[in-house]
Amino acid sequence: MTEIPVAAHTPYTVQVGRDCTDIFIAQLADRYAGKTFAVITDDHVNALYGDRFVAQMQRAGLTCCKFVFPHGETHKSLATVQQICEFCHQNQLTRSDMMLALGGGIVGDIAGFAAAMYLRGIAYVQVPTTLLAQIDSSVGGKTAANLPQGKNLIGCFWQPVAVLCDTAFLDTLPEAYFADGIGEAVKYGAIWDRDLFLQMQGGFRDHLEEIVARCVAIKAEVVRQDEFDTGVRMLLNFGHTMGHAIERHSNFAVSHGKAVAMGMVMMAAACVAGGLCPPDVLHQLCRCLQKNKLATHYSAPVADLLPAAMGDKKRDGSAISIVQIAEIGRCVITKLALDDFRAFLLAAQPLLDRLEGEPCA
């Protein structure tokens, strides 16, 4: 396994490898002997891995109970957080016990938030089972639930004590969900690492562990510099302001990674229209996304997405922080007044119209 340290205020290690879950569980048993683990998962992941994973933990000598909730964004809610906390109380978990998130980003976010809330905070472990969660949401301590008004509008920073990224979990991941992770991986290349970006224009699965480890290492470095998302960590939001608006506008029919891909294209087009980057940046981004079978266009015009974008959590009073791309591998954070933000995005529409339905040459 590759071990990647995360230098948060409570340091921990992310382990990346293949077929290494037994080793990781043995480490948990050595480190946390005598503690009870509440394994939190959703019905999809439970059907694939739930009983087997709990059995592995029990064979290692760990005491476990399991809570399963329905999959999907509609269940990333305060109601689910309350149900998890009630389950932990019913199973007599104390402050010295732990939660373990087994699943994708929704499971990790909601279990982490519940761990932060239960008894004013208990430790938790992340075992992400999707590419998106392995390279992004499982690392860095952001936890959240959705409100009817938008995604991730309630939550807190609560770092895990350990993270396992076992790429064997990805063998059962449908291609549509695998593509979600690729969308976020392309983001890492676009904001931070041109070489990673270029690598992803080739065979993604041929370099899977390497790409997962590189994305995690970038995320760890960003968290080291800015754990609480007040500076450089905002770079990780490239494509997310409009991506979240697309998710909301589509009633979550467009999944997160695909929405982020479209959001990155919208932002790049706005930067080209504003003279902030050359047109080839937009073309390179489109080519990389299309190479990885990700759509680059959303059906609704930018104007229809702006109301949801204005409610994004990155808004600060009458301004909003956005991530603008200057070149592949380098982005900058800019704060715009809301009227300027609206004009900046609307200026992209003619360019987006010309791109629609055509491959980026």
# chains A, B, ... in the order shown; residues from 1 in each chain; ligands from 1

$ residues_around --residues "A:Met242" --least-positions-apart "4" --cutoff "12 Å" --atoms "only C-alpha atoms" --output "CSV table (one decimal) with N, CA and C atoms, in the first residue's frame"
chain,number,residue,atom,x,y,z
A,151,LYS,N,-27.2,21.8,-2.0
A,151,LYS,CA,-26.3,20.8,-1.6
A,151,LYS,C,-25.3,21.3,-0.5
A,237,ASN,N,-12.7,23.8,-5.6
A,237,ASN,CA,-14.1,24.1,-6.0
A,237,ASN,C,-14.2,24.4,-7.5
A,238,PHE,N,-13.1,24.3,-8.3
A,238,PHE,CA,-13.2,24.6,-9.7
A,238,PHE,C,-14.3,23.8,-10.3
A,246,ILE,N,-26.1,22.8,-11.6
A,246,ILE,CA,-26.6,21.9,-12.5
A,246,ILE,C,-27.3,20.7,-11.8
A,247,GLU,N,-26.7,20.2,-10.8
A,247,GLU,CA,-27.3,19.1,-10.0
A,247,GLU,C,-28.7,19.5,-9.5
A,248,ARG,N,-28.7,20.7,-8.9
A,248,ARG,CA,-30.0,21.2,-8.4
A,248,ARG,C,-31.0,21.4,-9.5
A,249,HIS,N,-30.6,22.0,-10.6
A,249,HIS,CA,-31.6,22.3,-11.7
A,249,HIS,C,-32.1,21.0,-12.2
A,256,HIS,N,-22.8,14.1,-9.6
A,256,HIS,CA,-21.9,15.1,-9.1
A,256,HIS,C,-20.7,15.3,-10.1
A,257,GLY,N,-20.0,14.2,-10.4
A,257,GLY,CA,-18.8,14.3,-11.2
A,257,GLY,C,-19.1,14.8,-12.6
A,258,LYS,N,-20.3,14.4,-13.2
A,258,LYS,CA,-20.6,14.8,-14.5
A,258,LYS,C,-21.0,16.3,-14.5
A,259,ALA,N,-21.7,16.7,-13.4
A,259,ALA,CA,-22.1,18.1,-13.3
A,259,ALA,C,-20.8,19.0,-13.1
A,260,VAL,N,-19.8,18.5,-12.3
A,260,VAL,CA,-18.6,19.3,-12.2
A,260,VAL,C,-17.9,19.4,-13.5
A,261,ALA,N,-17.9,18.3,-14.3
A,261,ALA,CA,-17.3,18.4,-15.7
A,261,ALA,C,-17.9,19.5,-16.5
A,262,MET,N,-19.3,19.6,-16.5
A,262,MET,CA,-20.0,20.6,-17.2
A,262,MET,C,-19.7,22.0,-16.6
A,263,GLY,N,-19.6,22.0,-15.3
A,263,GLY,CA,-19.3,23.3,-14.6
A,263,GLY,C,-17.9,23.8,-14.9
A,264,MET,N,-16.9,22.9,-15.0
A,264,MET,CA,-15.6,23.3,-15.4
A,264,MET,C,-15.6,23.9,-16.8
A,265,VAL,N,-16.3,23.3,-17.7
A,265,VAL,CA,-16.4,23.8,-19.1
A,265,VAL,C,-17.0,25.2,-19.1
A,266,MET,N,-18.1,25.4,-18.3
A,266,MET,CA,-18.8,26.7,-18.3
A,266,MET,C,-17.8,27.8,-17.7
A,267,MET,N,-17.0,27.4,-16.7
A,267,MET,CA,-16.1,28.4,-16.1
A,267,MET,C,-15.0,28.7,-17.1
A,268,ALA,N,-14.5,27.6,-17.7
A,268,ALA,CA,-13.4,27.9,-18.7
A,268,ALA,C,-13.9,28.8,-19.9
A,270,ALA,N,-16.2,31.0,-19.7
A,270,ALA,CA,-16.3,32.4,-19.2
A,270,ALA,C,-14.9,33.0,-19.1
A,297,HIS,N,-21.6,19.6,-22.0
A,297,HIS,CA,-22.6,20.6,-22.2
A,297,HIS,C,-23.9,20.2,-21.4
A,298,TYR,N,-24.5,21.2,-20.8
A,298,TYR,CA,-25.7,21.0,-20.1
A,298,TYR,C,-26.9,21.7,-20.9
A,300,ALA,N,-29.6,23.3,-20.3
A,300,ALA,CA,-30.2,24.6,-19.9
A,300,ALA,C,-29.2,25.7,-20.1
A,301,PRO,N,-29.7,26.9,-20.5
A,301,PRO,CA,-28.8,28.1,-20.6
A,301,PRO,C,-28.2,28.5,-19.2
A,302,VAL,N,-27.1,29.2,-19.3
A,302,VAL,CA,-26.5,29.7,-18.0
A,302,VAL,C,-27.5,30.5,-17.2
A,303,ALA,N,-28.3,31.3,-17.8
A,303,ALA,CA,-29.2,32.2,-17.1
A,303,ALA,C,-30.1,31.4,-16.2
A,304,ASP,N,-30.5,30.2,-16.6
A,304,ASP,CA,-31.4,29.4,-15.8
A,304,ASP,C,-30.7,28.8,-14.6
A,305,LEU,N,-29.4,28.7,-14.6
A,305,LEU,CA,-28.6,28.1,-13.5
A,305,LEU,C,-28.2,29.1,-12.5
A,306,LEU,N,-28.2,30.4,-12.8
A,306,LEU,CA,-27.7,31.4,-11.9
A,306,LEU,C,-28.4,31.5,-10.6
A,307,PRO,N,-29.8,31.4,-10.5
A,307,PRO,CA,-30.4,31.5,-9.2
A,307,PRO,C,-29.9,30.5,-8.2
A,308,ALA,N,-29.7,29.2,-8.7
A,308,ALA,CA,-29.1,28.2,-7.8
A,308,ALA,C,-27.6,28.5,-7.5
A,309,ALA,N,-26.9,29.0,-8.4
A,309,ALA,CA,-25.5,29.3,-8.2
A,309,ALA,C,-25.3,30.5,-7.2
A,310,MET,N,-26.2,31.4,-7.2
A,310,MET,CA,-26.2,32.5,-6.3
A,310,MET,C,-26.3,32.1,-4.8
A,311,GLY,N,-27.0,30.9,-4.6
A,311,GLY,CA,-27.1,30.4,-3.2
A,311,GLY,C,-26.0,29.5,-2.8
A,312,ASP,N,-24.9,29.4,-3.6
A,312,ASP,CA,-23.8,28.5,-3.3
A,312,ASP,C,-23.2,28.9,-2.0
A,313,LYS,N,-22.7,27.9,-1.2
A,313,LYS,CA,-22.1,28.2,0.1
A,313,LYS,C,-20.8,29.0,0.0
A,314,LYS,N,-20.3,29.2,-1.2
A,314,LYS,CA,-19.1,30.1,-1.3
A,314,LYS,C,-19.4,31.5,-1.4
A,322,ILE,N,-15.0,32.5,-6.7
A,322,ILE,CA,-15.0,31.5,-7.8
A,322,ILE,C,-13.6,31.2,-8.2
A,323,VAL,N,-13.4,30.1,-8.9
A,323,VAL,CA,-12.1,29.6,-9.3
A,323,VAL,C,-12.1,29.8,-10.9
A,341,PHE,N,-20.4,38.6,-11.1
A,341,PHE,CA,-20.4,37.2,-11.3
A,341,PHE,C,-21.5,36.8,-12.4
A,342,ARG,N,-22.6,37.4,-12.3
A,342,ARG,CA,-23.7,37.1,-13.3
A,342,ARG,C,-23.2,37.5,-14.7
A,345,LEU,N,-20.5,35.0,-16.1
A,345,LEU,CA,-21.0,33.7,-16.6
A,345,LEU,C,-21.9,33.9,-17.8

$ select_by_dssp --residues "stretch 179-301 of chain A" --states "alpha helix (DSSP H)" --output "ChimeraX atom specification"
/A:179-191,194-199,208-225,240-249,256-273,279-291

$ closest_atom_pairs --of "stretch 125-233 of chain A" --to "stretch 48-64 of chain A" --cutoff "12 Å" --atoms "only C-alpha atoms" --output "Markdown table"
| residue | atom | partner | partner_atom | distance |
| --- | --- | --- | --- | --- |
| A:Val127 | CA | A:Phe53 | CA | 10.4 |
| A:Pro128 | CA | A:Tyr49 | CA | 11.7 |
| A:Thr129 | CA | A:Tyr49 | CA | 9.4 |
| A:Ala168 | CA | A:Tyr49 | CA | 11.4 |
| A:Phe169 | CA | A:Tyr49 | CA | 8.7 |
| A:Leu170 | CA | A:Leu48 | CA | 11.4 |
| A:Asp171 | CA | A:Leu48 | CA | 11.1 |
| A:Thr172 | CA | A:Leu48 | CA | 8.2 |
| A:Leu173 | CA | A:Leu48 | CA | 10.2 |

$ closest_residue --among "A:Val212, A:Val107, A:Leu285, A:Val81" --to "A:Val186" --atoms "only C-alpha atoms"
A:Leu285

$ select_by_dssp --residues "stretch 133-167 of chain A" --states "strand (DSSP E or B)" --output "MDAnalysis selection string"
chainID A and resid 142:147 150:157 162:166

$ closest_residue --among "A:Ala245, A:Ala162, A:Gly108, A:Thr230" --to "A:Thr13" --atoms "only C-alpha atoms"
A:Ala162

$ residues_around --residues "A:Asp19" --least-positions-apart "4" --cutoff "10 Å" --atoms "only C-alpha atoms" --output "number ranges by chain"
A: 1, 23-24, 165-169

$ write_last_selection --atoms "N, CA and C atoms" --output "short mmCIF file (atom, residue, chain, number, x, y, z; two decimals), in the first residue's frame"
data_model
loop_
_atom_site.label_atom_id
_atom_site.label_comp_id
_atom_site.auth_asym_id
_atom_site.auth_seq_id
_atom_site.Cartn_x
_atom_site.Cartn_y
_atom_site.Cartn_z
N MET A 1 0.83 -1.20 0.00
CA MET A 1 0.00 0.00 0.00
C MET A 1 0.87 1.25 0.00
N ILE A 23 -5.71 -6.15 5.65
CA ILE A 23 -4.58 -5.53 6.35
C ILE A 23 -5.04 -4.30 7.11
N PHE A 24 -5.86 -3.49 6.47
CA PHE A 24 -6.35 -2.27 7.11
C PHE A 24 -7.20 -2.60 8.33
N CYS A 165 -8.30 3.53 0.79
CA CYS A 165 -8.73 3.56 -0.60
C CYS A 165 -8.27 2.26 -1.25
N ASP A 166 -9.11 1.23 -1.17
CA ASP A 166 -8.81 -0.06 -1.78
C ASP A 166 -9.46 -0.08 -3.15
N THR A 167 -8.64 -0.05 -4.21
CA THR A 167 -9.19 0.04 -5.56
C THR A 167 -9.96 -1.20 -5.98
N ALA A 168 -9.87 -2.30 -5.22
CA ALA A 168 -10.66 -3.48 -5.53
C ALA A 168 -12.16 -3.18 -5.42
N PHE A 169 -12.54 -2.22 -4.56
CA PHE A 169 -13.95 -1.85 -4.46
C PHE A 169 -14.47 -1.31 -5.80
#

$ atom_distance --atom1 "atom CA of A:Gly202" --atom2 "atom CA of A:Cys277"
24.4 Å

$ residues_around --residues "A:Asn91" --least-positions-apart "4" --cutoff "9 Å" --atoms "only C-alpha atoms" --output "list in words"
Ala38, Cys65, Glu86 and Phe87 of chain A

$ closest_residue --among "A:Lys76, A:Ala273, A:Leu28, A:Arg330" --to "A:Pro350" --atoms "only C-alpha atoms"
A:Ala273

$ atom_distance --atom1 "atom CA of A:Val6" --atom2 "atom CA of A:Arg224"
6.8 Å

$ closest_residue --among "A:Val232, A:Met200, A:Cys271, A:Val216" --to "A:Val139" --atoms "only C-alpha atoms"
A:Val216

$ decode --residues "stretch 209-224 of chain A" --atoms "all heavy atoms" --output "PDB file, in the first residue's frame"
ATOM      1  N   GLU A 209      -4.332   2.938  -9.575  1.00  0.00           N
ATOM      2  CA  GLU A 209      -3.782   3.174  -8.239  1.00  0.00           C
ATOM      3  C   GLU A 209      -2.885   4.402  -8.219  1.00  0.00           C
ATOM      4  O   GLU A 209      -2.904   5.193  -7.266  1.00  0.00           O
ATOM      5  CB  GLU A 209      -3.023   1.939  -7.757  1.00  0.00           C
ATOM      6  CG  GLU A 209      -3.926   0.768  -7.405  1.00  0.00           C
ATOM      7  CD  GLU A 209      -3.136  -0.471  -7.038  1.00  0.00           C
ATOM      8  OE1 GLU A 209      -2.204  -0.361  -6.224  1.00  0.00           O
ATOM      9  OE2 GLU A 209      -3.436  -1.551  -7.587  1.00  0.00           O
ATOM     10  N   GLU A 210      -2.107   4.570  -9.273  1.00  0.00           N
ATOM     11  CA  GLU A 210      -1.208   5.726  -9.356  1.00  0.00           C
ATOM     12  C   GLU A 210      -1.990   7.032  -9.377  1.00  0.00           C
ATOM     13  O   GLU A 210      -1.634   8.001  -8.695  1.00  0.00           O
ATOM     14  CB  GLU A 210      -0.342   5.596 -10.613  1.00  0.00           C
ATOM     15  CG  GLU A 210       0.626   6.730 -10.836  1.00  0.00           C
ATOM     16  CD  GLU A 210       1.382   6.599 -12.145  1.00  0.00           C
ATOM     17  OE1 GLU A 210       1.303   5.524 -12.780  1.00  0.00           O
ATOM     18  OE2 GLU A 210       2.046   7.579 -12.540  1.00  0.00           O
ATOM     19  N   ILE A 211      -3.075   7.077 -10.163  1.00  0.00           N
ATOM     20  CA  ILE A 211      -3.876   8.299 -10.255  1.00  0.00           C
ATOM     21  C   ILE A 211      -4.603   8.572  -8.945  1.00  0.00           C
ATOM     22  O   ILE A 211      -4.658   9.722  -8.481  1.00  0.00           O
ATOM     23  CB  ILE A 211      -4.856   8.199 -11.439  1.00  0.00           C
ATOM     24  CG1 ILE A 211      -4.082   8.241 -12.760  1.00  0.00           C
ATOM     25  CG2 ILE A 211      -5.888   9.327 -11.390  1.00  0.00           C
ATOM     26  CD1 ILE A 211      -4.934   7.994 -13.993  1.00  0.00           C
ATOM     27  N   VAL A 212      -5.167   7.531  -8.324  1.00  0.00           N
ATOM     28  CA  VAL A 212      -5.823   7.719  -7.030  1.00  0.00           C
ATOM     29  C   VAL A 212      -4.826   8.280  -6.016  1.00  0.00           C
ATOM     30  O   VAL A 212      -5.115   9.260  -5.304  1.00  0.00           O
ATOM     31  CB  VAL A 212      -6.432   6.401  -6.517  1.00  0.00           C
ATOM     32  CG1 VAL A 212      -6.882   6.539  -5.063  1.00  0.00           C
ATOM     33  CG2 VAL A 212      -7.614   5.974  -7.391  1.00  0.00           C
ATOM     34  N   ALA A 213      -3.640   7.693  -5.941  1.00  0.00           N
ATOM     35  CA  ALA A 213      -2.634   8.150  -4.977  1.00  0.00           C
ATOM     36  C   ALA A 213      -2.210   9.588  -5.266  1.00  0.00           C
ATOM     37  O   ALA A 213      -2.020  10.388  -4.338  1.00  0.00           O
ATOM     38  CB  ALA A 213      -1.428   7.225  -5.002  1.00  0.00           C
ATOM     39  N   ARG A 214      -2.064   9.942  -6.545  1.00  0.00           N
ATOM     40  CA  ARG A 214      -1.648  11.305  -6.880  1.00  0.00           C
ATOM     41  C   ARG A 214      -2.728  12.310  -6.516  1.00  0.00           C
ATOM     42  O   ARG A 214      -2.438  13.377  -5.965  1.00  0.00           O
ATOM     43  CB  ARG A 214      -1.324  11.407  -8.378  1.00  0.00           C
ATOM     44  CG  ARG A 214      -0.880  12.806  -8.810  1.00  0.00           C
ATOM     45  CD  ARG A 214       0.340  13.276  -8.068  1.00  0.00           C
ATOM     46  NE  ARG A 214       0.655  14.681  -8.373  1.00  0.00           N
ATOM     47  CZ  ARG A 214       1.137  15.533  -7.485  1.00  0.00           C
ATOM     48  NH1 ARG A 214       1.391  15.160  -6.243  1.00  0.00           N
ATOM     49  NH2 ARG A 214       1.399  16.777  -7.840  1.00  0.00           N
ATOM     50  N   CYS A 215      -3.978  11.995  -6.801  1.00  0.00           N
ATOM     51  CA  CYS A 215      -5.074  12.901  -6.427  1.00  0.00           C
ATOM     52  C   CYS A 215      -5.154  13.071  -4.913  1.00  0.00           C
ATOM     53  O   CYS A 215      -5.349  14.188  -4.413  1.00  0.00           O
ATOM     54  CB  CYS A 215      -6.398  12.379  -6.982  1.00  0.00           C
ATOM     55  SG  CYS A 215      -6.574  12.475  -8.777  1.00  0.00           S
ATOM     56  N   VAL A 216      -5.005  11.973  -4.172  1.00  0.00           N
ATOM     57  CA  VAL A 216      -5.030  12.053  -2.711  1.00  0.00           C
ATOM     58  C   VAL A 216      -3.874  12.904  -2.209  1.00  0.00           C
ATOM     59  O   VAL A 216      -4.020  13.713  -1.277  1.00  0.00           O
ATOM     60  CB  VAL A 216      -5.000  10.649  -2.082  1.00  0.00           C
ATOM     61  CG1 VAL A 216      -4.764  10.732  -0.572  1.00  0.00           C
ATOM     62  CG2 VAL A 216      -6.292   9.905  -2.375  1.00  0.00           C
ATOM     63  N   ALA A 217      -2.695  12.747  -2.812  1.00  0.00           N
ATOM     64  CA  ALA A 217      -1.530  13.530  -2.389  1.00  0.00           C
ATOM     65  C   ALA A 217      -1.758  15.022  -2.624  1.00  0.00           C
ATOM     66  O   ALA A 217      -1.375  15.857  -1.787  1.00  0.00           O
ATOM     67  CB  ALA A 217      -0.281  13.058  -3.129  1.00  0.00           C
ATOM     68  N   ILE A 218      -2.385  15.364  -3.756  1.00  0.00           N
ATOM     69  CA  ILE A 218      -2.710  16.775  -4.005  1.00  0.00           C
ATOM     70  C   ILE A 218      -3.694  17.280  -2.964  1.00  0.00           C
ATOM     71  O   ILE A 218      -3.523  18.361  -2.384  1.00  0.00           O
ATOM     72  CB  ILE A 218      -3.274  16.950  -5.423  1.00  0.00           C
ATOM     73  CG1 ILE A 218      -2.204  16.651  -6.469  1.00  0.00           C
ATOM     74  CG2 ILE A 218      -3.814  18.367  -5.619  1.00  0.00           C
ATOM     75  CD1 ILE A 218      -2.737  16.580  -7.890  1.00  0.00           C
ATOM     76  N   LYS A 219      -4.738  16.489  -2.714  1.00  0.00           N
ATOM     77  CA  LYS A 219      -5.731  16.898  -1.708  1.00  0.00           C
ATOM     78  C   LYS A 219      -5.077  17.070  -0.341  1.00  0.00           C
ATOM     79  O   LYS A 219      -5.354  18.044   0.378  1.00  0.00           O
ATOM     80  CB  LYS A 219      -6.846  15.843  -1.639  1.00  0.00           C
ATOM     81  CG  LYS A 219      -7.983  16.146  -0.636  1.00  0.00           C
ATOM     82  CD  LYS A 219      -8.868  17.261  -1.142  1.00  0.00           C
ATOM     83  CE  LYS A 219     -10.103  17.484  -0.267  1.00  0.00           C
ATOM     84  NZ  LYS A 219     -11.156  16.488  -0.479  1.00  0.00           N
ATOM     85  N   ALA A 220      -4.163  16.163   0.027  1.00  0.00           N
ATOM     86  CA  ALA A 220      -3.485  16.261   1.317  1.00  0.00           C
ATOM     87  C   ALA A 220      -2.640  17.526   1.404  1.00  0.00           C
ATOM     88  O   ALA A 220      -2.604  18.190   2.455  1.00  0.00           O
ATOM     89  CB  ALA A 220      -2.613  15.025   1.536  1.00  0.00           C
ATOM     90  N   GLU A 221      -1.968  17.880   0.326  1.00  0.00           N
ATOM     91  CA  GLU A 221      -1.149  19.094   0.327  1.00  0.00           C
ATOM     92  C   GLU A 221      -2.024  20.341   0.455  1.00  0.00           C
ATOM     93  O   GLU A 221      -1.693  21.281   1.195  1.00  0.00           O
ATOM     94  CB  GLU A 221      -0.310  19.162  -0.944  1.00  0.00           C
ATOM     95  CG  GLU A 221       0.485  20.445  -1.118  1.00  0.00           C
ATOM     96  CD  GLU A 221       1.449  20.745   0.027  1.00  0.00           C
ATOM     97  OE1 GLU A 221       1.830  19.801   0.760  1.00  0.00           O
ATOM     98  OE2 GLU A 221       1.823  21.927   0.185  1.00  0.00           O
ATOM     99  N   VAL A 222      -3.155  20.357  -0.244  1.00  0.00           N
ATOM    100  CA  VAL A 222      -4.066  21.485  -0.152  1.00  0.00           C
ATOM    101  C   VAL A 222      -4.613  21.614   1.270  1.00  0.00           C
ATOM    102  O   VAL A 222      -4.675  22.717   1.837  1.00  0.00           O
ATOM    103  CB  VAL A 222      -5.211  21.339  -1.170  1.00  0.00           C
ATOM    104  CG1 VAL A 222      -6.292  22.384  -0.934  1.00  0.00           C
ATOM    105  CG2 VAL A 222      -4.677  21.448  -2.593  1.00  0.00           C
ATOM    106  N   VAL A 223      -4.989  20.492   1.888  1.00  0.00           N
ATOM    107  CA  VAL A 223      -5.508  20.508   3.260  1.00  0.00           C
ATOM    108  C   VAL A 223      -4.423  20.968   4.230  1.00  0.00           C
ATOM    109  O   VAL A 223      -4.690  21.707   5.187  1.00  0.00           O
ATOM    110  CB  VAL A 223      -6.056  19.116   3.647  1.00  0.00           C
ATOM    111  CG1 VAL A 223      -6.378  19.042   5.130  1.00  0.00           C
ATOM    112  CG2 VAL A 223      -7.295  18.790   2.817  1.00  0.00           C
ATOM    113  N   ARG A 224      -3.187  20.548   3.991  1.00  0.00           N
ATOM    114  CA  ARG A 224      -2.087  20.992   4.865  1.00  0.00           C
ATOM    115  C   ARG A 224      -1.969  22.511   4.851  1.00  0.00           C
ATOM    116  O   ARG A 224      -1.770  23.142   5.886  1.00  0.00           O
ATOM    117  CB  ARG A 224      -0.774  20.369   4.405  1.00  0.00           C
ATOM    118  CG  ARG A 224       0.424  20.714   5.298  1.00  0.00           C
ATOM    119  CD  ARG A 224       1.745  20.326   4.672  1.00  0.00           C
ATOM    120  NE  ARG A 224       2.046  21.120   3.480  1.00  0.00           N
ATOM    121  CZ  ARG A 224       2.533  22.356   3.525  1.00  0.00           C
ATOM    122  NH1 ARG A 224       2.752  22.959   4.677  1.00  0.00           N
ATOM    123  NH2 ARG A 224       2.793  23.009   2.402  1.00  0.00           N
TER     124      ARG A 224
END
